[in-house]
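**Q** Quick one, entry03.tsv (TSV, C-alpha atoms and all ligand atoms):
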```tsv
chain	number	residue	atom	x	y	z
A	299	MET	CA	12.44	-20.92	-43.30
A	300	GLU	CA	10.58	-23.37	-41.15
A	301	ARG	CA	12.33	-21.86	-38.18
A	302	ILE	CA	11.28	-18.34	-39.17
A	303	VAL	CA	7.68	-19.41	-39.64
A	304	GLY	CA	7.90	-21.12	-36.28
A	305	LEU	CA	9.24	-17.99	-34.67
A	306	LEU	CA	6.57	-15.85	-36.31
A	307	ALA	CA	3.91	-18.22	-35.09
A	308	LEU	CA	5.37	-18.01	-31.63
A	309	ALA	CA	5.44	-14.21	-31.77
A	310	THR	CA	1.81	-14.09	-32.92
A	311	PHE	CA	0.87	-16.51	-30.18
A	312	ALA	CA	2.65	-14.32	-27.62
A	313	LEU	CA	0.76	-11.25	-28.87
A	314	GLU	CA	-2.53	-13.09	-28.69
A	315	VAL	CA	-1.83	-14.27	-25.19
A	316	ASP	CA	-0.87	-10.69	-24.28
A	317	ALA	CA	-4.09	-9.33	-25.72
A	318	ALA	CA	-6.12	-11.98	-23.96
A	319	VAL	CA	-4.76	-11.21	-20.53
A	320	ALA	CA	-4.11	-7.45	-20.82
A	321	GLN	CA	-7.75	-6.66	-20.15
A	322	THR	CA	-7.67	-4.78	-16.89
A	323	LEU	CA	-6.56	-1.40	-18.26
A	324	LYS	CA	-8.97	-1.74	-21.19
A	325	THR	CA	-11.86	-2.57	-18.84
A	326	ILE	CA	-11.03	0.38	-16.59
A	327	LYS	CA	-10.87	2.79	-19.53
A	328	GLU	CA	-14.19	1.55	-20.90
A	329	ARG	CA	-15.81	1.81	-17.48
A	330	GLY	CA	-14.31	5.26	-16.97
A	331	LEU	CA	-13.46	4.43	-13.34
A	332	LEU	CA	-10.82	2.55	-11.39
A	333	ASN	CA	-12.36	0.23	-8.78
A	334	CYS	CA	-9.97	0.35	-5.88
A	335	GLY	CA	-10.27	-1.70	-2.68
A	336	VAL	CA	-9.33	0.13	0.53
A	337	SER	CA	-9.76	-0.46	4.25
A	338	GLN	CA	-12.95	0.51	6.00
A	339	GLY	CA	-11.51	3.35	8.00
A	340	ILE	CA	-7.93	3.73	9.13
A	341	TYR	CA	-7.09	7.36	9.60
A	342	GLY	CA	-4.02	8.25	7.50
A	343	PHE	CA	-4.40	5.22	5.21
A	344	SER	CA	-8.00	5.24	4.07
A	345	ALA	CA	-10.87	6.96	5.81
A	346	VAL	CA	-13.72	9.25	4.88
A	347	ASP	CA	-12.83	12.80	5.97
A	348	ALA	CA	-15.08	15.52	7.42
A	349	GLY	CA	-16.00	16.65	3.91
A	350	GLY	CA	-17.18	13.15	2.97
A	351	SER	CA	-14.24	12.29	0.69
A	352	TRP	CA	-11.89	9.35	1.01
A	353	ALA	CA	-8.44	10.40	2.19
A	354	GLY	CA	-5.18	8.69	3.09
A	355	PHE	CA	-1.98	7.10	1.89
A	356	ASP	CA	-3.64	4.01	0.36
A	357	VAL	CA	-6.40	6.16	-1.10
A	358	ASP	CA	-3.81	8.43	-2.72
A	359	PHE	CA	-2.17	5.44	-4.35
A	360	CYS	CA	-5.51	4.61	-6.04
A	361	ARG	CA	-5.73	8.26	-7.11
A	362	ALA	CA	-2.17	8.20	-8.46
A	363	ILE	CA	-3.11	5.31	-10.75
A	364	ALA	CA	-6.33	7.05	-11.83
A	365	ALA	CA	-4.34	10.21	-12.57
A	366	ALA	CA	-1.92	8.21	-14.74
A	367	ILE	CA	-4.78	6.62	-16.68
A	368	PHE	CA	-7.35	9.41	-16.94
A	369	ASN	CA	-5.45	12.60	-16.11
A	370	ASP	CA	-8.07	12.93	-13.40
A	371	ALA	CA	-7.35	11.68	-9.88
A	372	GLY	CA	-11.07	11.64	-9.11
A	373	MET	CA	-11.93	8.75	-11.43
A	374	VAL	CA	-11.88	6.17	-8.64
A	375	LYS	CA	-14.61	4.18	-6.99
A	376	PHE	CA	-13.40	3.31	-3.49
A	377	VAL	CA	-14.59	-0.07	-2.25
A	378	PRO	CA	-14.14	-0.41	1.54
A	379	LEU	CA	-13.22	-3.99	2.45
A	380	SER	CA	-12.62	-5.89	5.68
A	381	ALA	CA	-9.48	-7.99	6.07
A	382	ALA	CA	-11.43	-11.17	5.39
A	383	GLN	CA	-13.16	-9.85	2.23
A	384	ARG	CA	-10.27	-8.12	0.52
A	385	PHE	CA	-8.59	-10.90	-1.49
A	386	ALA	CA	-11.85	-12.51	-2.66
A	387	SER	CA	-12.99	-9.12	-3.91
A	388	LEU	CA	-9.85	-8.84	-6.04
A	389	GLN	CA	-10.07	-12.45	-7.26
A	390	SER	CA	-13.69	-12.02	-8.36
A	391	GLY	CA	-12.95	-8.84	-10.33
A	392	GLU	CA	-15.08	-6.60	-8.09
A	393	ILE	CA	-11.99	-4.41	-7.76
A	394	ASP	CA	-9.09	-3.81	-10.17
A	395	LEU	CA	-6.57	-3.04	-7.48
A	396	LEU	CA	-6.30	-3.64	-3.75
A	397	SER	CA	-4.63	-0.76	-1.90
A	398	ARG	CA	-5.39	-1.69	1.68
A	399	ASN	CA	-2.56	-2.09	4.20
A	400	SER	CA	-1.98	-5.63	2.97
A	401	THR	CA	1.19	-7.51	3.83
A	402	TRP	CA	3.15	-9.19	1.07
A	403	THR	CA	3.54	-12.87	1.99
A	404	ILE	CA	4.36	-15.96	-0.05
A	405	SER	CA	1.02	-17.70	0.53
A	406	ARG	CA	-0.96	-14.70	-0.68
A	407	GLU	CA	0.81	-15.15	-4.03
A	408	THR	CA	1.09	-18.95	-4.24
A	409	GLU	CA	-2.36	-19.82	-2.85
A	410	LEU	CA	-4.51	-16.90	-3.93
A	411	GLY	CA	-3.31	-16.23	-7.48
A	412	LEU	CA	-2.47	-12.63	-6.65
A	413	SER	CA	0.68	-10.53	-7.02
A	414	PHE	CA	2.01	-7.73	-4.87
A	415	ALA	CA	3.27	-5.03	-7.21
A	416	ALA	CA	5.38	-2.98	-4.78
A	417	VAL	CA	6.02	-2.17	-1.14
A	418	THR	CA	4.55	1.26	-0.60
A	419	TYR	CA	4.97	1.15	3.19
A	420	TYR	CA	7.41	-0.90	5.26
A	421	ASP	CA	5.65	-1.65	8.54
A	422	GLY	CA	5.89	-4.10	11.44
A	423	GLN	CA	3.48	-5.45	14.04
A	424	GLY	CA	3.21	-3.97	17.51
A	425	PHE	CA	0.98	-3.73	20.59
A	426	LEU	CA	-1.12	-0.92	22.02
A	427	VAL	CA	-1.69	-1.05	25.80
A	428	ARG	CA	-3.01	1.16	28.57
A	429	ASN	CA	-0.41	3.23	30.44
A	430	ALA	CA	-2.10	2.01	33.61
A	431	ARG	CA	-0.95	-1.52	32.88
A	432	ASN	CA	2.58	-0.29	33.45
A	433	VAL	CA	4.43	-2.51	31.01
A	434	MET	CA	7.53	-1.52	29.07
A	435	SER	CA	7.63	-4.44	26.65
A	436	ALA	CA	5.38	-6.98	24.98
A	437	LEU	CA	7.38	-9.63	26.84
A	438	GLU	CA	5.48	-8.56	29.96
A	439	LEU	CA	2.10	-9.48	28.44
A	440	GLU	CA	1.96	-13.02	29.94
A	441	GLY	CA	-1.67	-14.18	30.16
A	442	ALA	CA	-2.99	-11.05	28.39
A	443	LYS	CA	-6.22	-10.87	26.43
A	444	VAL	CA	-5.25	-9.48	23.03
A	445	CYS	CA	-7.71	-7.99	20.51
A	446	VAL	CA	-6.83	-8.81	16.90
A	447	GLN	CA	-8.56	-8.66	13.56
A	448	GLU	CA	-9.44	-11.97	11.88
A	449	GLY	CA	-7.92	-12.93	8.55
A	450	THR	CA	-4.77	-10.88	9.05
A	451	THR	CA	-1.08	-11.62	9.36
A	452	SER	CA	-1.44	-9.96	12.80
A	453	GLU	CA	-3.45	-12.96	14.03
A	454	LEU	CA	-0.72	-15.40	12.87
A	455	ASN	CA	2.25	-13.39	14.19
A	456	LEU	CA	0.53	-12.97	17.54
A	457	ALA	CA	0.40	-16.75	17.97
A	458	ASP	CA	4.05	-17.12	16.88
A	459	PHE	CA	5.25	-14.41	19.26
A	460	PHE	CA	3.59	-15.88	22.35
A	461	ASP	CA	4.66	-19.42	21.38
A	462	ALA	CA	8.26	-18.42	20.73
A	463	ASN	CA	8.43	-16.74	24.13
A	464	THR	CA	6.56	-19.58	25.88
A	465	MET	CA	3.94	-17.18	27.14
A	466	THR	CA	0.19	-17.75	27.28
A	467	TYR	CA	-2.43	-15.32	25.95
A	468	GLN	CA	-6.08	-15.21	24.99
A	469	PRO	CA	-6.84	-13.94	21.50
A	470	VAL	CA	-10.08	-11.96	21.11
A	471	LYS	CA	-10.79	-12.13	17.37
A	472	LEU	CA	-12.86	-9.39	15.76
A	473	ALA	CA	-14.11	-9.00	12.20
A	474	SER	CA	-13.56	-5.28	11.70
A	475	ILE	CA	-11.17	-2.69	12.91
A	476	GLY	CA	-14.04	-0.78	14.53
A	477	ASP	CA	-15.03	-3.86	16.53
A	478	ALA	CA	-11.40	-4.47	17.54
A	479	ARG	CA	-10.93	-0.89	18.71
A	480	ASN	CA	-14.22	-0.82	20.61
A	481	ALA	CA	-13.49	-4.14	22.27
A	482	TYR	CA	-10.11	-2.84	23.42
A	483	ASP	CA	-11.51	0.53	24.48
A	484	SER	CA	-14.23	-1.12	26.53
A	485	ASP	CA	-11.66	-3.19	28.44
A	486	MET	CA	-12.44	-6.54	26.81
A	487	CYS	CA	-8.71	-6.80	26.01
A	488	ASP	CA	-5.47	-5.81	27.70
A	489	ALA	CA	-3.78	-5.09	24.38
A	490	LEU	CA	-4.64	-4.39	20.76
A	491	THR	CA	-2.26	-5.77	18.15
A	492	SER	CA	-1.85	-4.77	14.51
A	493	ASP	CA	0.62	-3.05	12.17
A	494	VAL	CA	2.28	-0.26	14.14
A	495	SER	CA	1.09	2.46	11.74
A	496	GLN	CA	-2.49	1.33	12.29
A	497	LEU	CA	-2.06	1.34	16.05
A	498	TYR	CA	-1.05	5.02	15.93
A	499	SER	CA	-4.11	5.73	13.88
A	500	GLU	CA	-6.44	3.69	16.14
A	501	ARG	CA	-5.01	5.33	19.25
A	502	LEU	CA	-6.31	8.69	18.03
A	503	LYS	CA	-9.83	7.28	17.96
A	504	LEU	CA	-9.90	5.96	21.54
A	505	ALA	CA	-11.87	7.84	24.19
A	506	ASN	CA	-8.62	9.08	25.83
A	507	PRO	CA	-5.67	8.58	23.45
A	508	GLU	CA	-3.13	9.86	25.96
A	509	ASP	CA	-3.97	6.96	28.31
A	510	HIS	CA	-2.55	4.46	25.79
A	511	VAL	CA	0.91	3.73	24.45
A	512	VAL	CA	2.34	1.77	21.52
A	513	LEU	CA	5.00	-0.55	22.98
A	514	PRO	CA	8.47	-0.38	21.39
A	515	ASP	CA	8.52	-4.07	20.34
A	516	VAL	CA	8.10	-4.73	16.63
A	517	ILE	CA	7.43	-8.46	16.27
A	518	SER	CA	7.25	-8.94	12.49
A	519	LYS	CA	7.99	-7.58	9.04
A	520	GLU	CA	4.88	-6.14	7.38
A	521	PRO	CA	5.73	-4.95	3.88
A	522	LEU	CA	2.47	-3.34	2.78
A	523	GLY	CA	1.63	-2.76	-0.83
A	524	PRO	CA	-0.87	-2.78	-3.72
A	525	VAL	CA	-2.10	-6.15	-5.02
A	526	VAL	CA	-3.37	-7.25	-8.44
A	527	ARG	CA	-4.63	-10.50	-9.96
A	528	GLN	CA	-1.97	-12.66	-11.60
A	529	GLY	CA	-1.91	-12.94	-15.38
A	530	ASP	CA	-2.13	-9.36	-16.59
A	531	TYR	CA	1.45	-8.13	-16.85
A	532	GLN	CA	0.48	-4.81	-18.40
A	533	TRP	CA	-1.63	-3.92	-15.38
A	534	PHE	CA	0.94	-5.31	-12.95
A	535	ASN	CA	3.59	-3.08	-14.59
A	536	ILE	CA	1.40	0.02	-14.47
A	537	VAL	CA	0.82	-0.41	-10.75
A	538	LYS	CA	4.45	-1.28	-10.00
A	539	TRP	CA	5.95	1.51	-12.09
A	540	THR	CA	3.58	4.16	-10.80
A	541	HIS	CA	4.98	3.49	-7.34
A	542	PHE	CA	8.55	3.49	-8.70
A	543	ALA	CA	7.90	6.71	-10.61
A	544	MET	CA	6.67	8.41	-7.42
A	545	ILE	CA	9.85	7.31	-5.61
A	546	ASN	CA	12.10	8.37	-8.49
A	547	ALA	CA	10.29	11.71	-8.65
A	548	GLU	CA	11.02	12.36	-4.99
A	549	GLU	CA	14.65	11.34	-5.45
A	550	LEU	CA	15.02	13.73	-8.38
A	551	GLY	CA	13.31	16.61	-6.56
A	552	VAL	CA	10.30	16.46	-8.88
A	553	SER	CA	7.16	17.32	-6.90
A	554	SER	CA	3.74	18.83	-7.55
A	555	LYS	CA	5.39	22.18	-6.84
A	556	THR	CA	8.34	21.77	-9.20
A	557	ILE	CA	6.70	19.80	-12.01
A	558	GLU	CA	6.55	22.77	-14.41
A	559	GLU	CA	10.32	23.28	-14.23
A	560	ALA	CA	10.82	19.50	-14.42
A	561	VAL	CA	9.05	19.38	-17.76
A	562	LYS	CA	11.64	21.86	-19.11
A	563	SER	CA	14.60	20.20	-17.37
A	564	LYS	CA	17.78	19.20	-19.22
A	565	ASN	CA	18.67	16.52	-16.64
A	566	PRO	CA	18.38	13.22	-18.56
A	567	ASP	CA	16.90	11.31	-15.59
A	568	ILE	CA	14.20	13.94	-15.17
A	569	ARG	CA	13.60	14.08	-18.94
A	570	ARG	CA	12.95	10.33	-18.99
A	571	LEU	CA	10.75	10.52	-15.88
A	572	VAL	CA	8.48	13.21	-17.28
A	573	GLY	CA	8.49	11.80	-20.81
A	574	SER	CA	10.43	14.58	-22.57
A	575	GLU	CA	12.67	11.73	-23.64
A	576	GLY	CA	11.73	8.09	-24.15
A	577	ASN	CA	8.33	6.57	-24.54
A	578	TYR	CA	7.83	4.48	-21.44
A	579	GLY	CA	4.32	5.67	-20.69
A	580	GLU	CA	3.03	4.57	-24.08
A	581	GLN	CA	4.85	1.28	-23.73
A	582	LEU	CA	2.84	0.74	-20.54
A	583	GLY	CA	-0.40	1.47	-22.41
A	584	LEU	CA	-0.66	4.97	-20.95
A	585	THR	CA	0.59	8.30	-22.30
A	586	ARG	CA	4.11	9.67	-22.52
A	587	ASP	CA	3.35	12.18	-19.73
A	588	TRP	CA	1.77	9.68	-17.27
A	589	VAL	CA	4.20	10.60	-14.48
A	590	VAL	CA	3.51	14.32	-14.96
A	591	ARG	CA	-0.16	13.53	-14.44
A	592	THR	CA	0.44	11.56	-11.27
A	593	VAL	CA	2.90	14.00	-9.73
A	594	THR	CA	0.82	17.08	-10.62
A	595	LEU	CA	-2.46	15.66	-9.38
A	596	VAL	CA	-1.33	13.54	-6.42
A	597	GLY	CA	2.36	14.25	-5.72
A	598	ASN	CA	5.59	12.31	-5.40
A	599	TYR	CA	6.06	9.59	-2.76
A	600	GLY	CA	7.37	11.98	-0.09
A	601	GLU	CA	4.51	14.44	-0.59
A	602	VAL	CA	1.94	11.66	-0.25
A	603	PHE	CA	3.67	10.29	2.86
A	604	GLU	CA	4.00	13.65	4.63
A	605	ARG	CA	0.46	14.74	3.81
A	606	ASN	CA	-1.20	11.60	5.12
A	607	LEU	CA	1.11	10.10	7.72
A	608	GLY	CA	4.06	12.37	8.35
A	609	ALA	CA	4.86	15.88	9.44
A	610	ASP	CA	1.79	17.43	7.77
A	611	SER	CA	-0.66	14.98	9.33
A	612	ARG	CA	-2.08	14.32	12.79
A	613	LEU	CA	-0.18	11.03	12.98
A	614	THR	CA	3.35	12.49	12.59
A	615	ILE	CA	4.86	9.06	11.88
A	616	PRO	CA	8.60	9.44	11.16
A	617	ARG	CA	9.68	8.34	7.66
A	618	GLY	CA	11.94	5.65	9.20
A	619	LEU	CA	12.34	2.69	6.84
A	620	ASN	CA	10.16	4.51	4.34
A	621	GLN	CA	12.74	7.20	3.80
A	622	LEU	CA	14.52	7.04	0.42
A	623	TRP	CA	17.51	4.68	0.26
A	624	SER	CA	19.71	7.72	-0.40
A	625	LYS	CA	18.63	9.13	2.98
A	626	ASN	CA	19.13	5.97	5.03
A	627	GLY	CA	15.74	4.41	4.39
A	628	ILE	CA	14.92	1.39	2.18
A	629	GLN	CA	12.55	2.91	-0.37
A	630	TYR	CA	14.40	2.29	-3.62
A	631	ALA	CA	13.18	2.31	-7.21
A	632	PRO	CA	14.86	0.86	-10.29
A	633	PRO	CA	15.91	3.41	-12.91
A	634	MET	CA	13.55	4.54	-15.62
A	635	ARG	CA	15.38	4.02	-18.86
A	701	LIG	N1	-1.13	-5.97	7.25
A	701	LIG	C1	-1.90	-7.02	7.86
A	701	LIG	C2	-3.06	-6.47	8.67
A	701	LIG	C3	-4.00	-5.69	7.83
A	701	LIG	C4	-5.35	-5.39	8.51
A	701	LIG	O1	-6.39	-5.68	7.92
A	701	LIG	N2	-5.32	-4.82	9.69
A	701	LIG	C5	-6.55	-4.49	10.30
A	701	LIG	C6	-6.33	-4.16	11.74
A	701	LIG	S1	-5.96	-2.52	12.14
A	701	LIG	C7	-7.21	-3.41	9.47
A	701	LIG	O2	-6.54	-2.67	8.79
A	701	LIG	N3	-8.49	-3.29	9.47
A	701	LIG	C8	-9.15	-2.28	8.70
A	701	LIG	C9	-10.49	-2.69	8.22
A	701	LIG	O3	-10.94	-3.80	8.53
A	701	LIG	O4	-11.06	-1.91	7.47
A	701	LIG	C10	-2.42	-7.98	6.80
A	701	LIG	O5	-2.23	-7.72	5.61
A	701	LIG	O6	-3.01	-9.00	7.17
```
As structure tokens - that is how I would like this structure written.
**A**
Amino acid sequence: MERIVGLLALATFALEVDAAVAQTLKTIKERGLLNCGVSQGIYGFSAVDAGGSWAGFDVDFCRAIAAAIFNDAGMVKFVPLSAAQRFASLQSGEIDLLSRNSTWTISRETELGLSFAAVTYYDGQGFLVRNARNVMSALELEGAKVCVQEGTTSELNLADFFDANTMTYQPVKLASIGDARNAYDSDMCDALTSDVSQLYSERLKLANPEDHVVLPDVISKEPLGPVVRQGDYQWFNIVKWTHFAMINAEELGVSSKTIEEAVKSKNPDIRRLVGSEGNYGEQLGLTRDWVVRTVTLVGNYGEVFERNLGADSRLTIPRGLNQLWSKNGIQYAPPMR
């Protein structure tokens, strides 16, 4: 008996703890808006388009979460953040979610009290240089002045790369991506370093993009993904499983164009994904049809990739590592059952 009482007490305690920490979703619902931190302007990831709306891969991830919660992908307040501001903004509660080309590293979890929920984009660091410099590899950058943004993994990897290859360099550290690009464009630096995807995007903004090339060297692993505060497992799961649901949707051929058939499908994997079977959405604190909402209003992973970064965009970045595991990439989602 004592044991049962003990267990009940433990269960009640667990529920109380759950209720105490599972506040993020509740706060967002009460506010009627998701506060989502994005970068200040990286074409393809998060930038304000000609019509004045935020657009991009990271922006669409915020919208996917808003769609799952509100059945309205527009219920997002985008908060543009520099590299140096981004984690403090999440820690202080100014934003609910950080979706801003941020690299998953151990110290960002152990020192900052944050958790990366998924890897939405597998990237690596590279260098952008002028064609006129006539170099084929980053190993030829001895003595170069390199523009880099402060407070990033790029700054740290840059130092490691030159050290490891016993080469000298001069870092030129800038606070914003705009400053870094302008410094490079006005010849203050011989090279600009950042995540390769961002270099492609920055290249488009230079005065003469065709005069610049992204070198083939990739000097680091940059797994980029959404970040939340530690302690709220419900919110962590919503963010993580929204990404997984978008991957699973692509794998199962469920897209914004096929969602109506998917809802009527007899395939058990699709039935569980769209909520015709099982109750995973409600278990997350959402609705049974949360994935239908996300896929209808924003798309599956492949649609979001192609629209913002791939074949349907100005960047035309190949899927590469971000292809599904079943097509030789490494994007892989656990099953939904
Ligand atoms: N993935 C790296 C780099 C991320 C980063 O902030 N890169 C810069 C350089 S392109 C950037 O995105 N800046 C955009 C901004 O400041 O809005 C990290 O997490 O530290």
**Q** Smallest atom-to-atom distance to A:Arg428: which of A:Thr592, A:Ser351, A:Ser484, A:Thr614, using only C-alpha atoms?
**A**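 Counting only C-alpha atoms, the residue closest to A:Arg428 is A:Ser484.
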**Q** Please, what is the axis-aligned box for every listed atom of ligand LIG 701 (chain A) with 4 Å on each side, as centre and edge lengths in Å to one decimal, as JSON?
**A**
```
{"center_x": -6.1, "center_y": -5.5, "center_z": 8.9, "size_x": 17.9, "size_y": 15.1, "size_z": 14.5}
```
**Q** Can you tell me which residues come within 8 Å of ligand LIG 701 (chain A) when counting only C-alpha atoms and all ligand atoms, ideally as an MDAnalysis selection string?
**A** chainID A and resid 336:340 378:382 398:402 446:447 449:453 473:476 478 491:493 496:497 500 520:522
**Q** So what do you get for atom CA of A:Thr594 versus atom CA of A:Asp370, distance-wise?
**A**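 Here the two named atoms are 10.2 Å from each other.
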**Q** Considering all atoms listed in the file, state which residue in the set A:Arg635, A:Arg570, A:Arg501, A:Arg361 is at the smallest distance from A:Tyr482.
**A**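 The answer is A:Arg501, which sits nearest to A:Tyr482.
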**Q** Kindly provide, as an NGL selection string, the polymer residues lying within 8 Å of (-6.4, -6.1, -15.5), counting only C-alpha atoms and using the coordinates exactly as they appear in the file.
**A** :A and (319-325 or 394 or 526-527 or 530 or 532-534)
**Q** Residues of stretch 496-557 of chain A that have any atom at most 12 Å from an atom of stretch 572-588 of chain A: could you tabulate them with the shortest-distance atom pair and the distance in Å to one decimal, using only C-alpha atoms, ordered by chain and increasing number, as JSON lines?
**A**
```
{"residue": "A:Asp530", "atom": "CA", "partner": "A:Leu582", "partner_atom": "CA", "distance": 11.9}
{"residue": "A:Tyr531", "atom": "CA", "partner": "A:Leu582", "partner_atom": "CA", "distance": 9.7}
{"residue": "A:Gln532", "atom": "CA", "partner": "A:Leu582", "partner_atom": "CA", "distance": 6.4}
{"residue": "A:Trp533", "atom": "CA", "partner": "A:Leu582", "partner_atom": "CA", "distance": 8.3}
{"residue": "A:Phe534", "atom": "CA", "partner": "A:Leu582", "partner_atom": "CA", "distance": 9.9}
{"residue": "A:Asn535", "atom": "CA", "partner": "A:Leu582", "partner_atom": "CA", "distance": 7.1}
{"residue": "A:Ile536", "atom": "CA", "partner": "A:Leu582", "partner_atom": "CA", "distance": 6.3}
{"residue": "A:Val537", "atom": "CA", "partner": "A:Leu582", "partner_atom": "CA", "distance": 10.1}
{"residue": "A:Lys538", "atom": "CA", "partner": "A:Leu582", "partner_atom": "CA", "distance": 10.9}
{"residue": "A:Trp539", "atom": "CA", "partner": "A:Leu582", "partner_atom": "CA", "distance": 9.0}
{"residue": "A:Thr540", "atom": "CA", "partner": "A:Trp588", "partner_atom": "CA", "distance": 8.7}
{"residue": "A:Ala543", "atom": "CA", "partner": "A:Val572", "partner_atom": "CA", "distance": 9.3}
{"residue": "A:Met544", "atom": "CA", "partner": "A:Trp588", "partner_atom": "CA", "distance": 11.1}
{"residue": "A:Asn546", "atom": "CA", "partner": "A:Val572", "partner_atom": "CA", "distance": 10.7}
{"residue": "A:Ala547", "atom": "CA", "partner": "A:Val572", "partner_atom": "CA", "distance": 8.9}
{"residue": "A:Leu550", "atom": "CA", "partner": "A:Val572", "partner_atom": "CA", "distance": 11.1}
{"residue": "A:Val552", "atom": "CA", "partner": "A:Val572", "partner_atom": "CA", "distance": 9.2}
{"residue": "A:Ser553", "atom": "CA", "partner": "A:Val572", "partner_atom": "CA", "distance": 11.2}
{"residue": "A:Thr556", "atom": "CA", "partner": "A:Val572", "partner_atom": "CA", "distance": 11.8}
{"residue": "A:Ile557", "atom": "CA", "partner": "A:Val572", "partner_atom": "CA", "distance": 8.6}
```
**Q** Output C-alpha atoms of each residue in that selection to a file, as a compact mmCIF listing (two decimals), keeping the file's coordinate frame.
**A**
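Below you can see result_0.txt, which holds the result:
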```
# COMPACT_ATOMS: atom_id res chain seq x y z
CA ASP A 530 -2.13 -9.36 -16.59
CA TYR A 531 1.45 -8.13 -16.85
CA GLN A 532 0.48 -4.81 -18.40
CA TRP A 533 -1.63 -3.92 -15.38
CA PHE A 534 0.94 -5.31 -12.95
CA ASN A 535 3.59 -3.08 -14.59
CA ILE A 536 1.40 0.02 -14.47
CA VAL A 537 0.82 -0.41 -10.75
CA LYS A 538 4.45 -1.28 -10.00
CA TRP A 539 5.95 1.51 -12.09
CA THR A 540 3.58 4.16 -10.80
CA ALA A 543 7.90 6.71 -10.61
CA MET A 544 6.67 8.41 -7.42
CA ASN A 546 12.10 8.37 -8.49
CA ALA A 547 10.29 11.71 -8.65
CA LEU A 550 15.02 13.73 -8.38
CA VAL A 552 10.30 16.46 -8.88
CA SER A 553 7.16 17.32 -6.90
CA THR A 556 8.34 21.77 -9.20
CA ILE A 557 6.70 19.80 -12.01
```
**Q** So what do you get for atom CA of A:Gly529 versus atom CA of A:Phe359, distance-wise?
**A**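 Atom-to-atom, atom CA of A:Gly529 to atom CA of A:Phe359, that is 21.4 Å.
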